[in-house]
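Visitor: Sharing start.csv here; it has CSV, C-alpha atoms and all ligand atoms.
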```csv
chain,number,residue,atom,x,y,z
A,21,MET,CA,27.7,165.9,143.4
A,22,VAL,CA,24.4,163.9,143.5
A,23,ALA,CA,23.1,164.0,140.0
A,24,PRO,CA,25.5,165.8,137.6
A,25,LYS,CA,23.6,168.0,135.2
A,26,VAL,CA,24.6,167.6,131.5
A,27,ALA,CA,23.4,169.9,128.7
A,28,VAL,CA,23.6,168.6,125.1
A,29,VAL,CA,23.3,171.5,122.5
A,30,GLY,CA,21.9,170.3,119.2
A,31,ALA,CA,19.1,167.8,118.2
A,32,GLY,CA,20.4,166.4,114.9
A,33,VAL,CA,21.6,162.8,114.7
A,34,ILE,CA,24.8,163.7,116.6
A,35,GLY,CA,23.1,165.5,119.5
A,36,LEU,CA,20.4,162.9,120.0
A,37,SER,CA,22.7,159.9,119.8
A,38,THR,CA,25.2,161.6,122.1
A,39,ALA,CA,22.5,162.4,124.7
A,40,LEU,CA,21.3,158.7,124.5
A,41,CYS,CA,24.8,157.4,125.1
A,42,ILE,CA,25.3,159.7,128.0
A,43,ALA,CA,22.0,158.8,129.6
A,44,GLU,CA,22.8,155.1,129.2
A,45,THR,CA,26.4,155.2,130.5
A,46,CYS,CA,25.7,157.7,133.3
A,47,PRO,CA,22.2,156.7,134.7
A,48,SER,CA,22.8,159.1,137.7
A,49,CYS,CA,23.2,162.1,135.3
A,50,SER,CA,20.3,164.5,134.5
A,51,VAL,CA,20.6,165.1,130.8
A,52,THR,CA,18.9,167.9,128.8
A,53,VAL,CA,18.9,168.5,125.1
A,54,LEU,CA,18.8,172.2,124.2
A,55,SER,CA,18.2,173.1,120.5
A,56,ASP,CA,16.8,175.8,118.5
A,57,GLN,CA,15.5,173.3,115.9
A,58,PHE,CA,14.3,169.7,116.2
A,59,SER,CA,13.3,167.1,113.5
A,60,PRO,CA,12.1,167.7,110.8
A,61,ASN,CA,14.0,171.0,110.6
A,62,THR,CA,17.7,169.9,111.0
A,63,THR,CA,20.4,169.0,108.4
A,64,SER,CA,20.1,165.4,109.6
A,65,ASP,CA,16.5,165.4,108.2
A,66,VAL,CA,17.8,166.2,104.7
A,67,ALA,CA,20.5,163.5,104.6
A,68,ALA,CA,20.1,160.3,102.6
A,69,GLY,CA,21.3,158.4,105.7
A,70,MET,CA,23.4,155.8,103.9
A,71,LEU,CA,26.1,154.0,105.8
A,72,ILE,CA,28.9,154.6,103.4
A,73,PRO,CA,31.7,156.5,105.2
A,74,HIS,CA,33.2,159.7,104.1
A,75,THR,CA,36.9,160.1,104.8
A,76,TYR,CA,38.2,162.8,107.2
A,77,PRO,CA,41.8,163.6,106.1
A,78,ASP,CA,43.1,164.6,109.5
A,79,THR,CA,41.4,161.9,111.7
A,80,PRO,CA,43.4,158.7,112.0
A,81,ILE,CA,41.8,155.9,109.9
A,82,HIS,CA,41.7,153.4,112.7
A,83,MET,CA,39.4,155.8,114.6
A,84,GLN,CA,37.1,156.4,111.6
A,85,LYS,CA,37.0,152.6,111.1
A,86,GLN,CA,36.0,152.1,114.8
A,87,TRP,CA,33.3,154.7,114.7
A,88,PHE,CA,31.8,153.2,111.5
A,89,LYS,CA,32.0,149.7,112.9
A,90,GLU,CA,30.2,150.7,116.1
A,91,THR,CA,27.5,152.5,114.2
A,92,PHE,CA,27.1,149.6,111.8
A,93,THR,CA,26.8,147.1,114.6
A,94,TYR,CA,24.3,149.2,116.5
A,95,LEU,CA,22.0,149.8,113.4
A,96,PHE,CA,22.4,146.2,112.2
A,97,ALA,CA,20.9,145.0,115.5
A,98,ILE,CA,18.0,147.4,115.1
A,99,SER,CA,17.5,146.2,111.5
A,100,ASN,CA,17.1,142.6,112.8
A,101,SER,CA,14.6,143.6,115.4
A,102,ALA,CA,10.9,144.4,115.5
A,103,GLU,CA,11.9,148.1,116.0
A,104,ALA,CA,13.3,148.2,112.4
A,105,SER,CA,10.2,149.7,110.7
A,106,GLU,CA,9.5,152.4,113.3
A,107,ALA,CA,13.2,153.3,113.5
A,108,GLY,CA,13.4,153.5,109.6
A,109,ILE,CA,16.5,151.2,109.5
A,110,HIS,CA,16.9,148.7,106.7
A,111,LEU,CA,19.6,146.7,104.8
A,112,VAL,CA,20.1,147.7,101.2
A,113,SER,CA,22.2,146.1,98.5
A,114,GLY,CA,23.7,147.8,95.5
A,115,TRP,CA,26.6,149.0,93.5
A,116,GLN,CA,29.3,151.7,93.6
A,117,VAL,CA,30.5,152.2,90.0
A,118,PHE,CA,33.6,154.0,88.6
A,119,LYS,CA,34.5,155.3,85.2
A,120,ASN,CA,38.1,154.4,85.9
A,121,THR,CA,39.5,151.9,88.3
A,122,PRO,CA,40.1,153.7,91.7
A,123,LYS,CA,43.5,153.8,93.3
A,124,GLU,CA,42.1,152.2,96.4
A,125,GLU,CA,40.2,149.1,95.3
A,126,LEU,CA,39.5,148.1,98.9
A,127,PRO,CA,38.3,151.0,101.1
A,128,PHE,CA,38.9,150.9,104.8
A,129,TRP,CA,35.3,150.0,105.5
A,130,SER,CA,35.1,147.1,103.0
A,131,ASN,CA,35.2,144.4,105.7
A,132,ILE,CA,32.5,146.1,107.8
A,133,VAL,CA,29.7,146.3,105.2
A,134,LEU,CA,28.4,142.9,104.1
A,135,GLY,CA,29.5,140.9,101.1
A,136,PHE,CA,31.9,143.5,99.6
A,137,ARG,CA,33.2,142.2,96.3
A,138,PRO,CA,34.2,143.5,92.8
A,139,MET,CA,31.2,143.6,90.4
A,140,SER,CA,31.0,140.9,87.7
A,141,GLU,CA,31.2,141.7,84.0
A,142,GLU,CA,27.4,140.8,83.8
A,143,GLU,CA,26.5,143.3,86.5
A,144,LEU,CA,28.7,146.0,84.9
A,145,ARG,CA,26.7,145.7,81.7
A,146,LYS,CA,24.0,147.7,83.4
A,147,PHE,CA,26.4,150.6,83.5
A,148,PRO,CA,27.9,151.0,80.0
A,149,GLN,CA,29.7,154.3,81.0
A,150,HIS,CA,31.5,152.6,83.9
A,151,ARG,CA,34.5,150.2,83.8
A,152,PHE,CA,34.8,149.1,87.4
A,153,GLY,CA,32.4,148.5,90.3
A,154,GLN,CA,31.9,147.2,93.9
A,155,ALA,CA,28.9,145.4,95.1
A,156,PHE,CA,27.9,145.3,98.8
A,157,THR,CA,25.1,145.4,101.3
A,158,THR,CA,25.0,148.2,103.8
A,159,LEU,CA,22.4,149.9,106.1
A,160,LYS,CA,20.2,153.0,105.4
A,161,CYS,CA,18.4,155.2,107.9
A,162,ASP,CA,15.2,156.9,106.8
A,163,CYS,CA,16.3,160.0,108.6
A,164,PRO,CA,13.2,161.7,110.0
A,165,PRO,CA,11.7,158.4,111.4
A,166,TYR,CA,15.1,157.6,112.9
A,167,LEU,CA,15.4,161.0,114.6
A,168,LEU,CA,11.9,160.6,116.0
A,169,TRP,CA,12.8,157.1,117.2
A,170,LEU,CA,15.9,158.5,119.0
A,171,GLU,CA,13.7,161.3,120.6
A,172,LYS,CA,11.3,158.7,121.9
A,173,ARG,CA,14.1,156.6,123.3
A,174,LEU,CA,15.5,159.8,125.0
A,175,GLU,CA,12.1,160.6,126.5
A,176,ALA,CA,11.8,157.0,127.8
A,177,THR,CA,15.2,157.4,129.5
A,178,GLY,CA,14.1,160.6,131.2
A,179,VAL,CA,16.1,163.0,129.1
A,180,GLN,CA,14.5,166.5,128.9
A,181,MET,CA,14.2,168.3,125.5
A,182,ARG,CA,13.9,172.1,125.4
A,183,THR,CA,13.7,174.5,122.5
A,184,ARG,CA,16.4,177.1,123.1
A,185,LYS,CA,19.0,179.0,121.0
A,186,VAL,CA,22.3,179.1,122.8
A,187,ALA,CA,24.3,182.2,121.9
A,188,ASP,CA,27.4,181.4,124.0
A,189,LEU,CA,28.2,178.1,125.8
A,190,TRP,CA,29.2,180.1,128.8
A,191,GLU,CA,25.5,181.1,129.4
A,192,LEU,CA,24.9,177.5,130.5
A,193,HIS,CA,27.5,177.5,133.3
A,194,SER,CA,25.1,178.4,136.2
A,195,GLU,CA,22.6,175.7,135.3
A,196,TYR,CA,24.8,172.7,134.1
A,197,ASP,CA,27.9,170.9,135.3
A,198,VAL,CA,29.0,169.7,131.8
A,199,VAL,CA,28.0,171.0,128.3
A,200,VAL,CA,28.3,169.0,125.1
A,201,ASN,CA,28.5,170.9,121.9
A,202,CYS,CA,26.7,169.0,119.0
A,203,ALA,CA,25.6,172.1,117.1
A,204,GLY,CA,26.7,170.9,113.7
A,205,ILE,CA,27.3,173.8,111.3
A,206,GLY,CA,25.9,176.0,114.1
A,207,ALA,CA,29.3,175.6,115.9
A,208,HIS,CA,30.8,178.0,113.3
A,209,GLN,CA,29.0,180.8,115.1
A,210,LEU,CA,28.5,179.2,118.6
A,211,VAL,CA,32.2,178.6,119.2
A,212,GLY,CA,33.7,180.7,116.4
A,213,ASP,CA,35.3,177.6,114.7
A,214,MET,CA,36.7,178.9,111.5
A,215,GLU,CA,38.0,175.4,110.5
A,216,LEU,CA,34.3,174.4,110.1
A,217,PHE,CA,32.7,175.1,106.8
A,218,PRO,CA,29.5,174.2,105.0
A,219,ILE,CA,29.3,171.9,102.0
A,220,ARG,CA,25.9,172.5,100.5
A,221,GLY,CA,24.0,169.5,99.4
A,222,GLN,CA,20.8,169.5,97.3
A,223,VAL,CA,18.9,166.2,96.9
A,224,LEU,CA,15.5,165.1,95.5
A,225,LYS,CA,13.2,162.7,97.3
A,226,VAL,CA,11.0,160.9,94.7
A,227,HIS,CA,8.4,158.2,94.6
A,228,ALA,CA,9.9,155.2,92.6
A,229,PRO,CA,9.0,152.1,94.6
A,230,TRP,CA,10.4,149.7,92.0
A,231,VAL,CA,14.0,150.9,92.7
A,232,LYS,CA,15.3,148.5,95.3
A,233,ASN,CA,19.1,148.7,94.8
A,234,PHE,CA,21.4,151.6,95.5
A,235,ILE,CA,23.6,153.0,92.8
A,236,ARG,CA,26.4,155.4,93.6
A,237,ASP,CA,28.9,156.8,91.2
A,238,GLY,CA,32.4,156.5,92.8
A,239,ASP,CA,32.9,160.3,92.4
A,240,GLY,CA,30.3,160.6,95.2
A,241,LEU,CA,28.3,163.2,93.2
A,242,THR,CA,25.6,161.1,91.7
A,243,TYR,CA,23.6,158.6,93.8
A,244,ILE,CA,20.3,156.8,94.0
A,245,TYR,CA,19.5,155.5,97.5
A,246,PRO,CA,16.1,153.7,98.0
A,247,GLY,CA,14.5,154.1,101.4
A,248,VAL,CA,11.3,152.8,103.0
A,249,HIS,CA,9.1,155.7,101.8
A,250,SER,CA,11.1,157.4,99.0
A,251,VAL,CA,14.2,157.2,96.9
A,252,THR,CA,16.9,159.9,97.5
A,253,LEU,CA,18.5,161.2,94.3
A,254,GLY,CA,21.7,163.2,94.6
A,255,GLY,CA,23.4,165.4,94.7
A,256,THR,CA,25.8,168.3,95.0
A,257,ARG,CA,28.8,169.3,97.1
A,258,GLU,CA,29.2,173.0,97.1
A,259,LYS,CA,32.0,174.1,99.5
A,260,ASP,CA,31.4,177.3,101.5
A,261,SER,CA,27.9,177.9,100.2
A,262,TRP,CA,25.4,178.9,102.9
A,263,ASN,CA,22.5,179.0,100.5
A,264,LEU,CA,19.5,176.9,101.8
A,265,SER,CA,17.2,177.7,98.8
A,266,PRO,CA,16.8,174.9,96.2
A,267,ASP,CA,18.1,175.7,92.7
A,268,PRO,CA,15.8,174.6,89.9
A,269,GLY,CA,18.7,174.2,87.4
A,270,THR,CA,20.4,171.9,89.9
A,271,THR,CA,17.2,169.9,90.4
A,272,LYS,CA,17.1,169.2,86.6
A,273,ASP,CA,20.8,168.3,86.5
A,274,ILE,CA,20.5,165.8,89.4
A,275,PHE,CA,17.5,164.2,87.8
A,276,GLU,CA,19.3,163.8,84.4
A,277,ARG,CA,22.4,162.4,86.0
A,278,CYS,CA,20.4,159.9,88.0
A,279,CYS,CA,18.4,158.9,85.0
A,280,SER,CA,21.6,158.2,83.1
A,281,LEU,CA,22.5,155.6,85.8
A,282,GLU,CA,18.9,154.3,86.2
A,283,PRO,CA,16.7,155.1,83.2
A,284,SER,CA,13.5,153.8,84.8
A,285,LEU,CA,13.6,156.9,87.1
A,286,ARG,CA,12.0,158.9,84.3
A,287,GLY,CA,8.8,157.4,85.6
A,288,ALA,CA,9.4,158.8,89.2
A,289,GLN,CA,6.7,160.9,90.7
A,290,ASP,CA,6.1,163.3,93.6
A,291,ILE,CA,9.6,165.0,93.4
A,292,LYS,CA,10.5,167.0,96.5
A,293,VAL,CA,13.7,169.1,96.7
A,294,LYS,CA,15.7,169.4,99.9
A,295,VAL,CA,18.9,171.3,100.8
A,296,GLY,CA,21.2,170.9,103.7
A,297,LEU,CA,24.6,172.2,104.9
A,298,ARG,CA,27.1,169.4,105.8
A,299,PRO,CA,29.1,170.5,108.9
A,300,SER,CA,32.6,169.9,107.4
A,301,ARG,CA,36.2,170.0,108.8
A,302,GLN,CA,39.4,168.3,108.0
A,303,SER,CA,38.8,166.2,111.2
A,304,VAL,CA,35.8,165.6,113.4
A,305,ARG,CA,36.1,167.8,116.6
A,306,LEU,CA,35.7,165.3,119.4
A,307,GLN,CA,37.5,166.6,122.4
A,308,ARG,CA,37.3,168.1,126.0
A,309,GLU,CA,37.9,171.7,126.7
A,310,VAL,CA,37.6,173.6,130.0
A,311,LEU,CA,36.1,177.1,129.7
A,312,SER,CA,37.1,179.5,132.5
A,313,GLN,CA,36.0,183.0,133.5
A,314,GLY,CA,37.0,184.7,136.8
A,315,GLY,CA,38.1,181.4,138.4
A,316,VAL,CA,34.8,179.7,137.5
A,317,LYS,CA,35.2,176.6,135.2
A,318,LEU,CA,32.8,174.9,132.7
A,319,PRO,CA,33.9,171.6,131.2
A,320,VAL,CA,32.8,171.2,127.6
A,321,VAL,CA,32.9,168.2,125.3
A,322,HIS,CA,32.8,169.0,121.5
A,323,ASN,CA,31.3,166.5,119.1
A,324,TYR,CA,30.7,168.1,115.7
A,325,GLY,CA,32.1,168.3,112.2
A,326,GLN,CA,31.0,164.9,110.8
A,327,GLY,CA,30.5,166.6,107.4
A,328,ALA,CA,29.2,164.2,104.7
A,329,GLY,CA,29.2,161.2,107.0
A,330,GLY,CA,27.4,162.0,110.2
A,331,PHE,CA,24.9,159.0,109.9
A,332,SER,CA,27.8,156.6,109.1
A,333,VAL,CA,29.7,157.3,112.3
A,334,HIS,CA,27.2,158.8,114.7
A,335,MET,CA,27.0,156.0,117.3
A,336,GLY,CA,30.8,155.7,117.3
A,337,THR,CA,31.4,159.4,117.9
A,338,ALA,CA,28.5,159.5,120.4
A,339,LYS,CA,30.1,156.7,122.5
A,340,GLU,CA,33.4,158.5,122.5
A,341,ALA,CA,31.7,161.8,123.5
A,342,ALA,CA,29.9,160.0,126.4
A,343,ARG,CA,33.3,158.6,127.6
A,344,LEU,CA,34.7,162.1,127.6
A,345,VAL,CA,31.7,163.4,129.6
A,346,GLY,CA,32.4,160.6,132.1
A,347,GLU,CA,36.0,161.9,132.4
A,348,CYS,CA,34.7,165.4,133.0
A,349,ILE,CA,32.3,164.2,135.8
A,350,ALA,CA,35.1,162.1,137.4
A,351,ALA,CA,37.3,165.2,137.4
A,352,LEU,CA,34.5,167.3,139.0
A,353,GLN,CA,33.8,164.7,141.6
A,354,GLY,CA,37.5,164.5,142.4
A,355,SER,CA,37.8,168.3,142.8
A,356,SER,CA,34.6,168.5,145.0
A,357,SER,CA,35.8,165.7,147.3
A,358,ARG,CA,39.2,167.4,147.6
A,359,ALA,CA,37.5,170.7,148.4
A,360,LYS,CA,35.6,169.0,151.3
A,361,LEU,CA,38.9,167.8,152.9
B,401,LIG,P1,22.4,168.9,112.4
B,401,LIG,O1,21.5,167.9,112.0
B,401,LIG,O2,22.6,170.2,111.6
B,401,LIG,O3,22.1,169.3,113.9
B,401,LIG,C1,22.6,170.4,114.6
B,401,LIG,C2,21.6,170.8,115.7
B,401,LIG,O4,22.2,171.9,116.4
B,401,LIG,C3,20.3,171.3,115.2
B,401,LIG,O5,19.3,170.8,116.0
B,401,LIG,C4,20.4,172.8,115.4
B,401,LIG,O6,19.1,173.4,115.5
B,401,LIG,C5,21.2,172.9,116.6
B,401,LIG,N1,21.9,174.1,116.9
B,401,LIG,C6,22.8,174.7,116.1
B,401,LIG,N2,23.3,175.8,116.6
B,401,LIG,C7,22.6,176.0,117.8
B,401,LIG,C8,22.6,177.0,118.8
B,401,LIG,N3,23.4,178.0,118.8
B,401,LIG,N4,21.8,176.8,119.9
B,401,LIG,C9,20.9,175.8,120.0
B,401,LIG,N5,20.9,174.8,119.0
B,401,LIG,C10,21.7,174.9,117.9
B,401,LIG,N6,25.6,161.4,106.1
B,401,LIG,C11,25.7,160.0,106.0
B,401,LIG,O7,26.4,159.4,106.8
B,401,LIG,N7,25.1,159.4,105.0
B,401,LIG,C12,24.4,160.0,104.0
B,401,LIG,O8,23.9,159.4,103.1
B,401,LIG,C13,24.3,161.4,104.1
B,401,LIG,N8,23.7,162.1,103.1
B,401,LIG,C14,23.6,163.5,103.2
B,401,LIG,C15,23.0,164.2,102.1
B,401,LIG,C16,22.9,165.6,102.2
B,401,LIG,C17,22.2,166.4,101.1
B,401,LIG,C18,23.4,166.3,103.3
B,401,LIG,C19,23.3,167.8,103.4
B,401,LIG,C20,24.1,165.6,104.3
B,401,LIG,C21,24.2,164.2,104.2
B,401,LIG,N9,24.9,163.5,105.2
B,401,LIG,C22,25.0,162.1,105.1
B,401,LIG,C23,25.6,164.2,106.3
B,401,LIG,C24,24.8,164.3,107.6
B,401,LIG,O9,23.5,164.8,107.2
B,401,LIG,C25,25.5,165.1,108.6
B,401,LIG,O10,26.8,164.7,108.8
B,401,LIG,C26,24.7,165.1,109.9
B,401,LIG,O11,23.3,165.4,109.7
B,401,LIG,C27,25.3,166.1,110.9
B,401,LIG,O12,24.5,166.0,112.1
B,401,LIG,P2,24.5,167.1,113.2
B,401,LIG,O13,23.7,166.6,114.3
B,401,LIG,O14,26.0,167.4,113.5
B,401,LIG,O15,24.0,168.4,112.6
```
Is it possible to give me this structure as structure tokens?
Ligand code: FAD
Guide:
Amino acid sequence: MVAPKVAVVGAGVIGLSTALCIAETCPSCSVTVLSDQFSPNTTSDVAAGMLIPHTYPDTPIHMQKQWFKETFTYLFAISNSAEASEAGIHLVSGWQVFKNTPKEELPFWSNIVLGFRPMSEEELRKFPQHRFGQAFTTLKCDCPPYLLWLEKRLEATGVQMRTRKVADLWELHSEYDVVVNCAGIGAHQLVGDMELFPIRGQVLKVHAPWVKNFIRDGDGLTYIYPGVHSVTLGGTREKDSWNLSPDPGTTKDIFERCCSLEPSLRGAQDIKVKVGLRPSRQSVRLQREVLSQGGVKLPVVHNYGQGAGGFSVHMGTAKEAARLVGECIAALQGSSSRAKL
């Protein structure tokens, strides 16, 4: 096999980062991204892009920690380079506050973010309804610029990008040697994964340039995340809702909740409302599978189901997916050289 042909289905943060890792680890591969939507029309464009991990109950914690660490290290290097502004990556400091002291005072990611510590009494005075808090510095991606930056990197590496809706992964078997499934919530239909479900999220993007620190209620529902161009105010978590239309009552509720944490937001302007469906599962699906029909085989690598934390783990899961693609190619090369004997 001269140049193995790899198709990556999906152009959200998972598909683009996975295609980049494959192109970098397998320079002899010909990589194509196939997707029915690209930025700015993906779930990844709606996300706040904060690096605060979500926990996947059925994925071992050491793997989640490794994925987060690899992602943090990758983006930290960009934040310290001249690329930072174009890539939309920056450090942001702030507070996670709790009405009651949480069971787990030290989350698994506390030694990966920077300067994690309990908040002082003086800091907590800003939040009279909260009794406990954690201060730390993490990274934030401004999502649409970051996705465009990834697309530019892909083009520079020679990766092709095609608009195409894939109805069945098998339809790619005559054109590609390996297929990588990064379809996000689209995998529900594409591969009939009934363990994958949407968690609807509605957020507001507002102009409030004086807000420089993030504030997150520990319940994960209410948050204020300042980015380069706008501040994201959230949010909602509506399990099994496929509704992509913004709800005006929810917009008002989010705004009021955020103002109770940061009253100066009453002066925010230019409020835009966005809705996205988090591709959620009990565990991220990151595995190899071989599809087979009439003796013909198609190796597939699945990489989807990052739910509420896709930005927080994307480079870690992309590296693992690229390693699995390498295994598929080695197996194909092994079987083609055996066939020649
Ligand atoms: P998507 O971005 O949905 O990409 C899937 C791609 O597959 C799309 O390009 C789609 O067009 C394509 N596709 C699907 N089906 C097909 C098909 N059949 N044929 C061809 N193409 C197909 N995460 C964080 O880490 N931090 C945050 O602060 C954060 N905030 C969030 C806030 C909200 C409101 C929401 C909704 C999510 C948030 N997330 C956050 C989660 C994050 O957005 C997701 O985990 C991430 O975007 C998932 O990326 P993805 O590439 O898997 O999916």
Visitor: Between A:Asp78, A:Glu103, A:Asp162, A:Glu215, which has the minimum distance to Phe331 in chain A (counting all atoms listed in the file)?
Guide: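 With all atoms listed in the file as the atom set, the closest residue is A:Asp162.
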Visitor: By how many Å are CA of Gly296 in chain A and CA of Gly327 in chain A apart?
Guide: 10.9 Å
Visitor: Which one is closest to ligand LIG 401 (chain B): A:Ile81, A:Leu311, A:Leu126, A:Val293? Count only C-alpha atoms and all ligand atoms.
Guide: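 Closest to ligand LIG 401 (chain B) of all the choices is A:Val293.
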Visitor: Go through the chains and note each residue within 6 Å of ligand LIG 401 (chain B), using all atoms listed in the file, then give the set as a compact mmCIF listing (two decimals) with C-alpha atoms, in the frame of the given file.
Guide:
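Now in selection_36.txt:
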```txt
# COMPACT_ATOMS: atom_id res chain seq x y z
CA VAL A 29 23.30 171.50 122.50
CA GLY A 30 21.90 170.30 119.20
CA ALA A 31 19.10 167.80 118.20
CA GLY A 32 20.40 166.40 114.90
CA VAL A 33 21.60 162.80 114.70
CA ILE A 34 24.80 163.70 116.60
CA GLY A 35 23.10 165.50 119.50
CA LEU A 54 18.80 172.20 124.20
CA SER A 55 18.20 173.10 120.50
CA ASP A 56 16.80 175.80 118.50
CA GLN A 57 15.50 173.30 115.90
CA PHE A 58 14.30 169.70 116.20
CA THR A 62 17.70 169.90 111.00
CA THR A 63 20.40 169.00 108.40
CA SER A 64 20.10 165.40 109.60
CA VAL A 66 17.80 166.20 104.70
CA ALA A 67 20.50 163.50 104.60
CA ALA A 68 20.10 160.30 102.60
CA GLY A 69 21.30 158.40 105.70
CA MET A 70 23.40 155.80 103.90
CA LEU A 71 26.10 154.00 105.80
CA ARG A 184 16.40 177.10 123.10
CA LYS A 185 19.00 179.00 121.00
CA VAL A 186 22.30 179.10 122.80
CA ALA A 187 24.30 182.20 121.90
CA CYS A 202 26.70 169.00 119.00
CA ALA A 203 25.60 172.10 117.10
CA GLY A 204 26.70 170.90 113.70
CA ILE A 205 27.30 173.80 111.30
CA GLY A 206 25.90 176.00 114.10
CA LEU A 210 28.50 179.20 118.60
CA GLY A 221 24.00 169.50 99.40
CA GLN A 222 20.80 169.50 97.30
CA VAL A 223 18.90 166.20 96.90
CA VAL A 295 18.90 171.30 100.80
CA GLY A 296 21.20 170.90 103.70
CA LEU A 297 24.60 172.20 104.90
CA ARG A 298 27.10 169.40 105.80
CA TYR A 324 30.70 168.10 115.70
CA GLN A 326 31.00 164.90 110.80
CA GLY A 327 30.50 166.60 107.40
CA ALA A 328 29.20 164.20 104.70
CA GLY A 329 29.20 161.20 107.00
CA GLY A 330 27.40 162.00 110.20
CA PHE A 331 24.90 159.00 109.90
CA SER A 332 27.80 156.60 109.10
```
Visitor: For Gly346 in chain A, please output as a ChimeraX atom specification all residues within 9 Å (counting all atoms listed in the file; exclusion window: fewer than 6 positions along the same chain).
Guide: /A:42,45-46
Visitor: For the selection you just gave me, I'd like the residues written to a file as a CSV table (one decimal), in the frame of the given file, keeping C-alpha atoms.
Guide:
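So selection-v3.csv came out as:
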```
chain,number,residue,atom,x,y,z
A,42,ILE,CA,25.3,159.7,128.0
A,45,THR,CA,26.4,155.2,130.5
A,46,CYS,CA,25.7,157.7,133.3
```
Visitor: Could you tell me how far CA of Ser194 in chain A lies from CA of Asn61 in chain A, in Å and to one decimal?
Guide: 28.9 Å
Visitor: May I have the residues within 6 Å of Phe118 in chain A as a ChimeraX atom specification, using only C-alpha atoms and disregarding those fewer than 2 positions away in the same chain?
Guide: /A:120,150,152-153,238
Visitor: Quick one: of A:Trp87, A:Tyr196, A:Tyr166, A:Tyr245, who's nearest to Glu340 in chain A, counting only C-alpha atoms?
Guide: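 Going through A:Trp87, A:Tyr196, A:Tyr166, A:Tyr245 one by one, the smallest distance to Glu340 in chain A is for A:Trp87.
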Visitor: Enter the distance from CA of Pro299 in chain A to CA of Ala207 in chain A, in Å, rounded to one decimal.
Guide: 8.7 Å
Visitor: Within 9 Å of Asp239 in chain A, counting only C-alpha atoms, which residues qualify if same-chain residues fewer than 2 places away don't, as a PDB file with C-alpha atoms, keeping the file's coordinate frame?
Guide:
```
ATOM      1  CA  VAL A 117      30.500 152.200  90.000  1.00  0.00           C
ATOM      2  CA  PHE A 118      33.600 154.000  88.600  1.00  0.00           C
ATOM      3  CA  LYS A 119      34.500 155.300  85.200  1.00  0.00           C
ATOM      4  CA  ARG A 236      26.400 155.400  93.600  1.00  0.00           C
ATOM      5  CA  ASP A 237      28.900 156.800  91.200  1.00  0.00           C
ATOM      6  CA  LEU A 241      28.300 163.200  93.200  1.00  0.00           C
ATOM      7  CA  THR A 242      25.600 161.100  91.700  1.00  0.00           C
TER       8      THR A 242
END
```
Visitor: Got a sec: who's within 9 Å of Ser284 in chain A, counting all atoms listed in the file, leaving out chain neighbours fewer than 6 positions off, as number ranges by chain?
Guide: A: 228, 230-231
Visitor: Looking at all atoms listed in the file, which of A:Gly247, A:Gly336, A:Pro148, A:Gly255 is the one that sits closest to Thr270 in chain A?
Guide: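 Closest residue, counting all atoms listed in the file: A:Gly255.
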Visitor: Take the point (45.0, 162.7, 99.5) as written in the file and pick out every residue within 12 Å of it, counting all atoms listed in the file; give the list as a list in words.
Guide: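 The answer, in the requested form, is Thr75, Tyr76, Pro77, Asp78, Lys123, Glu124 and Gln302 of chain A.
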Visitor: Excluding Gln180 in chain A and any residue of its chain fewer than 4 positions from it, enumerate the residues within 10 Å of it, using only C-alpha atoms, and give them as an NGL selection string.
Guide: :A and (27 or 39 or 50-54 or 171 or 174-176)
Visitor: For Lys232 in chain A, which residue out of A:Thr252, A:Ser113, A:Gln154, A:Thr337 is the nearest one, using only C-alpha atoms?
Guide: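 With only C-alpha atoms as the atom set, the closest residue is A:Ser113.
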Visitor: Using all atoms listed in the file for the distances, tell me which of A:Leu192, A:Ile291, A:Met139, A:Val198 is nearest to Ala350 in chain A.
Guide: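 So, comparing all the options, the nearest one is A:Val198.
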